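For reference, the structure is listed below as structure tokens.
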Amino acid sequence: MKAAVLTASAVFVIALPAAAQDLTDNARYAAIVVDAQSGEVFYAQRADSARYPASLTKIMTLYMAFDALAHGTLKPTDQITMSAHATSQAPVKVYLRPGDTIDVDTAMRLIALYSANDLAVALAEKIGGGSEERFAAMMTIKAQELGMTHTRFVNANGLPDPRQISSARDLAILARAVMRDYPQYYDYFNLPSQEFRGRTYVNHNPLRSMPGIDGMKTGFTNAAGYNLVASGVRNNHRLIAVMLGGSNKTQRREHVTALMNTGFDVIARRDRGERIEIAQNEFTRAMDAEARMPDGPQPYTILADNGDMVGGNAPLSDAQLRETLEGSEQANASDVDVQRASATIKAPDVAQTLSAATNTAALVKKPATKVAAADKPDTAQKTSKSKKAELADKTAKGKKKKDPTAVYAIQIGAFKDKTLANDWAKKMKSKFSTHLASGTTDISKNDNGWYRTRFVTLTKAQASAACKDISAKHLDCMVIKPDA
């Protein structure tokens with residue numbers, strides 16, 4: 001009898017590493033489960049590690065659209081004219097041509113349920129004044145305002161770009177923000193299908209058939225793996241689950257289902273009076289992973305830890321790649337550069353696309369109007385000379401000598417549009433005035449047609465301190481040495 005028990009135990013222990021290889025030992029894997037009402041974190045694994053959001057990006061794109069609708073700057077009936085840039089996006093898409101039009105409401109529906117890449121860019125251009133680049137800047141700024149401190153965007157649809165990153169925690173924050181700020185639009189993430197130009201587009205969220213699940217969004221690229229944000233309600237309790245870096249669709253569906261079921265089980269047991277202080281322990285037991293977690297209660301600071309990263313993953317096998325050609329995720333695995341990117345990539349420098357909505361006309365100083373000397377009375381000339389002398393005297397007294405060590409510069413971005421470069425320089429100087437007050441804005445066009453946005457006449461200490469603070473906000477900054 002003892003022998004039989006030992007054998008069974010041995011089999012159980014041996015089985016654990018196989019499960020671990022699929023999830024927590026997968027370098028791309030990250031997840032979080034959050035109570036939507038209270039914000040309590042039930043489960044977190046590498047929740048703050050940099051990950052590629054893929055099409056989960058479109059949740060933010062739609063949040064920006066909801067914001068515009070709520071403020072009256074966009075209407076559901078407004079028409080969007082497709083640009084050549086929008087129609088050139090890789091599938092999945094609805095294959096409109098340049099000059100074709102679609103109303104905002106239908107576009108948002110197809111972005112939410114079908115993940116149409118072309119429509120996501122077209123909507124971004126509509127809101128961003130014709131520029132996806134400007135819209136991506138707006139997305140990143142809004143993400144910072146929402147508390148998404150590990151996120152930045154460079155495009156509106158999530159197609160492969162190694163600069164576009166987020167985290168499981170940030171995506172949970174975003175999902176919660178959608179429900180909190182614009183609950184009237186949340187149903188866009190639970191539409192079953194949409195008719196458009198004689199075709200029916202079907203929602204591909206694999207959890208829609210699960211009781212209580214009512215949204216949100218899937219995503220996939222070869223570098224990102226299989227991503228999913230899901231939310232649902234049971235007995236008046238709402239949970240949000242985020243899984244990033246799944247190995248395949250089946251694993252993604254089953255794992256997020258397990259996360260949601262475990263979370264709702266914890267809530268039900270608490271409602272019955274059971275005291276469960278550390279919810280993560282229940283998730284650990286539910287996934288048969290006690291061997292990989294410390295025993296006993298743990299503080300949330302430990303539960304939210306990113307965990308140790310392991311080696312990168314090999315590219316998808318042929319069988320896995322064939323699977324990606326199904327449904328709304330079919331073409332996002334084509335970018336070779338992103339395929340080569342390490343699955344354990346740390347947050348790279350922020351994309352050089354941030355901009356502001358300020359009017360650059362205010363930056364242009366109008367020349368003072370000159371009045372002919374013959375038109376001035378003698379008394380006015382004397383008064384003018386007196387004032388000039390007084391001003392020159394004050395200037396001489398208050399003028400500081402130029403610091404000979406102020407030969408460093410910082411670069412905070414590069415833009416195809418000079419207006420964007422000017423706008424961003426003004427906003428950055430205002431936001432980081434402590435370090436940049438003595439710096440001089442320098443915008444110059446390089447050989448590739450990009451307007452480099454820099455602050456010059458800084459000391460080495462000023463430049464280093466400025467970039468330290470700017471980078472801490474997940475914004476782009478690079479110290480430029482003299483003669484660089």
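The way I read the labels, and the way they are meant: chains A, B, ... in the order of the structure tokens, residue 1 as the first residue of every chain, and ligand 1 as the first ligand shown, with later ones counted on from there.
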
May I have the residues within 7 Å of segment 177-190 of chain A as JSON, numbers by chain, using only C-alpha atoms and disregarding those fewer than 5 positions away in the same chain?
-> {"A": [63, 66, 109, 112, 113, 214, 215, 216, 217]}

Point out the residue among A:His237, A:Thr250, A:Trp424, A:Asp476 with the least atom-to-atom distance to Asp271 of chain A, counting only C-alpha atoms.
->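 Selected residue with least distance to Asp271 of chain A: A:His237.
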
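For the choices A:Ile102, A:Cys467, A:Met260, A:Leu74, the atom-to-atom distance to Gly232 of chain A is smallest for A:Met260 when using only C-alpha atoms.
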
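For segment 426-433 of chain A, the residues within 8 Å (counting only C-alpha atoms, excluding itself and residues fewer than 3 positions away along the chain) are Ala356, Asn422, Asp423, Leu436, Ala437, Ala466 and Ile470 of chain A.
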
Can you spit out the residues from that selection as a short mmCIF file (atom, residue, chain, number, x, y, z; two decimals), in the first residue's frame, using C-alpha atoms?
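Produced file part.cif, reproduced below:
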data_model
loop_
_atom_site.label_atom_id
_atom_site.label_comp_id
_atom_site.auth_asym_id
_atom_site.auth_seq_id
_atom_site.Cartn_x
_atom_site.Cartn_y
_atom_site.Cartn_z
CA ALA A 356 1.03 67.65 -27.93
CA ASN A 422 7.86 71.99 -31.98
CA ASP A 423 4.78 71.00 -30.00
CA LEU A 436 15.41 72.26 -19.11
CA ALA A 437 14.87 75.92 -18.12
CA ALA A 466 16.97 65.54 -17.31
CA ILE A 470 12.27 61.91 -18.45
#

Residue with the minimum atom-to-atom distance to Asp403 of chain A, picked from A:Lys460, A:Arg238, A:Arg270, A:Lys126 with only C-alpha atoms counted, is A:Lys460

Thr61 of chain A surroundings by only C-alpha atoms, 8 Å radius, close-in-sequence under 2 positions cut, as a PyMOL selection string = chain A and resi 57-59+63-65+120+124+139+156-157

Output the selection as a PDB file, in the first residue's frame - all heavy atoms for each residue.
ATOM      1  N   THR A  57      -3.903  46.458 -27.952  1.00  0.00           N
ATOM      2  CA  THR A  57      -3.734  47.887 -28.208  1.00  0.00           C
ATOM      3  C   THR A  57      -5.063  48.535 -28.557  1.00  0.00           C
ATOM      4  O   THR A  57      -5.330  49.688 -28.197  1.00  0.00           O
ATOM      5  CB  THR A  57      -2.742  48.099 -29.369  1.00  0.00           C
ATOM      6  OG1 THR A  57      -1.465  47.589 -28.989  1.00  0.00           O
ATOM      7  CG2 THR A  57      -2.625  49.558 -29.756  1.00  0.00           C
ATOM      8  N   LYS A  58      -5.909  47.808 -29.258  1.00  0.00           N
ATOM      9  CA  LYS A  58      -7.164  48.386 -29.743  1.00  0.00           C
ATOM     10  C   LYS A  58      -8.121  48.735 -28.607  1.00  0.00           C
ATOM     11  O   LYS A  58      -9.055  49.520 -28.812  1.00  0.00           O
ATOM     12  CB  LYS A  58      -7.818  47.426 -30.735  1.00  0.00           C
ATOM     13  CG  LYS A  58      -6.980  47.193 -31.990  1.00  0.00           C
ATOM     14  CD  LYS A  58      -7.694  46.296 -32.975  1.00  0.00           C
ATOM     15  CE  LYS A  58      -6.860  46.088 -34.240  1.00  0.00           C
ATOM     16  NZ  LYS A  58      -5.856  45.043 -34.114  1.00  0.00           N
ATOM     17  N   ILE A  59      -7.931  48.165 -27.423  1.00  0.00           N
ATOM     18  CA  ILE A  59      -8.743  48.590 -26.276  1.00  0.00           C
ATOM     19  C   ILE A  59      -8.461  50.063 -25.989  1.00  0.00           C
ATOM     20  O   ILE A  59      -9.375  50.847 -25.719  1.00  0.00           O
ATOM     21  CB  ILE A  59      -8.448  47.730 -25.030  1.00  0.00           C
ATOM     22  CG1 ILE A  59      -8.757  46.260 -25.301  1.00  0.00           C
ATOM     23  CG2 ILE A  59      -9.258  48.228 -23.822  1.00  0.00           C
ATOM     24  CD1 ILE A  59      -8.395  45.327 -24.139  1.00  0.00           C
ATOM     25  N   TYR A  63     -10.813  53.258 -26.280  1.00  0.00           N
ATOM     26  CA  TYR A  63     -10.976  54.148 -25.122  1.00  0.00           C
ATOM     27  C   TYR A  63     -10.863  55.604 -25.571  1.00  0.00           C
ATOM     28  O   TYR A  63     -11.635  56.461 -25.131  1.00  0.00           O
ATOM     29  CB  TYR A  63      -9.920  53.837 -24.064  1.00  0.00           C
ATOM     30  CG  TYR A  63     -10.033  54.716 -22.820  1.00  0.00           C
ATOM     31  CD1 TYR A  63     -10.758  54.294 -21.704  1.00  0.00           C
ATOM     32  CD2 TYR A  63      -9.415  55.963 -22.771  1.00  0.00           C
ATOM     33  CE1 TYR A  63     -10.875  55.106 -20.587  1.00  0.00           C
ATOM     34  CE2 TYR A  63      -9.530  56.777 -21.656  1.00  0.00           C
ATOM     35  CZ  TYR A  63     -10.257  56.340 -20.563  1.00  0.00           C
ATOM     36  OH  TYR A  63     -10.375  57.153 -19.462  1.00  0.00           O
ATOM     37  N   MET A  64      -9.897  55.886 -26.438  1.00  0.00           N
ATOM     38  CA  MET A  64      -9.732  57.246 -26.945  1.00  0.00           C
ATOM     39  C   MET A  64     -10.955  57.686 -27.754  1.00  0.00           C
ATOM     40  O   MET A  64     -11.367  58.846 -27.697  1.00  0.00           O
ATOM     41  CB  MET A  64      -8.475  57.327 -27.817  1.00  0.00           C
ATOM     42  CG  MET A  64      -7.179  56.976 -27.094  1.00  0.00           C
ATOM     43  SD  MET A  64      -6.767  58.103 -25.757  1.00  0.00           S
ATOM     44  CE  MET A  64      -6.302  59.558 -26.700  1.00  0.00           C
ATOM     45  N   ALA A  65     -11.541  56.738 -28.507  1.00  0.00           N
ATOM     46  CA  ALA A  65     -12.759  57.048 -29.261  1.00  0.00           C
ATOM     47  C   ALA A  65     -13.926  57.314 -28.314  1.00  0.00           C
ATOM     48  O   ALA A  65     -14.713  58.245 -28.528  1.00  0.00           O
ATOM     49  CB  ALA A  65     -13.088  55.900 -30.211  1.00  0.00           C
ATOM     50  N   ALA A 120      -8.714  50.466 -37.401  1.00  0.00           N
ATOM     51  CA  ALA A 120      -8.103  51.040 -36.201  1.00  0.00           C
ATOM     52  C   ALA A 120      -7.244  52.251 -36.578  1.00  0.00           C
ATOM     53  O   ALA A 120      -7.279  53.290 -35.910  1.00  0.00           O
ATOM     54  CB  ALA A 120      -7.257  50.002 -35.477  1.00  0.00           C
ATOM     55  N   ALA A 124      -7.944  56.202 -35.789  1.00  0.00           N
ATOM     56  CA  ALA A 124      -6.875  56.981 -35.158  1.00  0.00           C
ATOM     57  C   ALA A 124      -6.620  58.274 -35.934  1.00  0.00           C
ATOM     58  O   ALA A 124      -6.455  59.346 -35.341  1.00  0.00           O
ATOM     59  CB  ALA A 124      -5.595  56.141 -35.099  1.00  0.00           C
ATOM     60  N   MET A 139      -2.410  58.508 -27.152  1.00  0.00           N
ATOM     61  CA  MET A 139      -2.644  57.255 -26.423  1.00  0.00           C
ATOM     62  C   MET A 139      -1.652  57.097 -25.268  1.00  0.00           C
ATOM     63  O   MET A 139      -2.031  56.725 -24.152  1.00  0.00           O
ATOM     64  CB  MET A 139      -2.518  56.057 -27.374  1.00  0.00           C
ATOM     65  CG  MET A 139      -3.592  55.953 -28.418  1.00  0.00           C
ATOM     66  SD  MET A 139      -3.166  54.709 -29.673  1.00  0.00           S
ATOM     67  CE  MET A 139      -3.421  53.189 -28.769  1.00  0.00           C
ATOM     68  N   ALA A 156      -1.806  52.315 -33.656  1.00  0.00           N
ATOM     69  CA  ALA A 156      -3.164  52.201 -33.119  1.00  0.00           C
ATOM     70  C   ALA A 156      -3.748  50.807 -33.193  1.00  0.00           C
ATOM     71  O   ALA A 156      -4.826  50.559 -32.637  1.00  0.00           O
ATOM     72  CB  ALA A 156      -4.089  53.172 -33.863  1.00  0.00           C
ATOM     73  N   ASN A 157      -3.072  49.870 -33.877  1.00  0.00           N
ATOM     74  CA  ASN A 157      -3.671  48.552 -34.072  1.00  0.00           C
ATOM     75  C   ASN A 157      -2.899  47.404 -33.424  1.00  0.00           C
ATOM     76  O   ASN A 157      -3.390  46.285 -33.357  1.00  0.00           O
ATOM     77  CB  ASN A 157      -3.872  48.256 -35.569  1.00  0.00           C
ATOM     78  CG  ASN A 157      -2.600  48.429 -36.383  1.00  0.00           C
ATOM     79  OD1 ASN A 157      -1.485  48.324 -35.852  1.00  0.00           O
ATOM     80  ND2 ASN A 157      -2.751  48.697 -37.673  1.00  0.00           N
TER      81      ASN A 157
END

Mind giving me the straight-line distance from atom CA of Arg454 of chain A to atom CA of Tyr408 of chain A in Å, one decimal?
->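 Atom CA of Arg454 of chain A sits 10.3 Å away from atom CA of Tyr408 of chain A.
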
Minimum-distance residue to Arg234 of chain A, chosen among A:Asp35, A:Tyr114, A:Gly128, A:Glu40 (using only C-alpha atoms) |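 Ranking A:Asp35, A:Tyr114, A:Gly128, A:Glu40 by distance to Arg234 of chain A, first place goes to A:Asp35.
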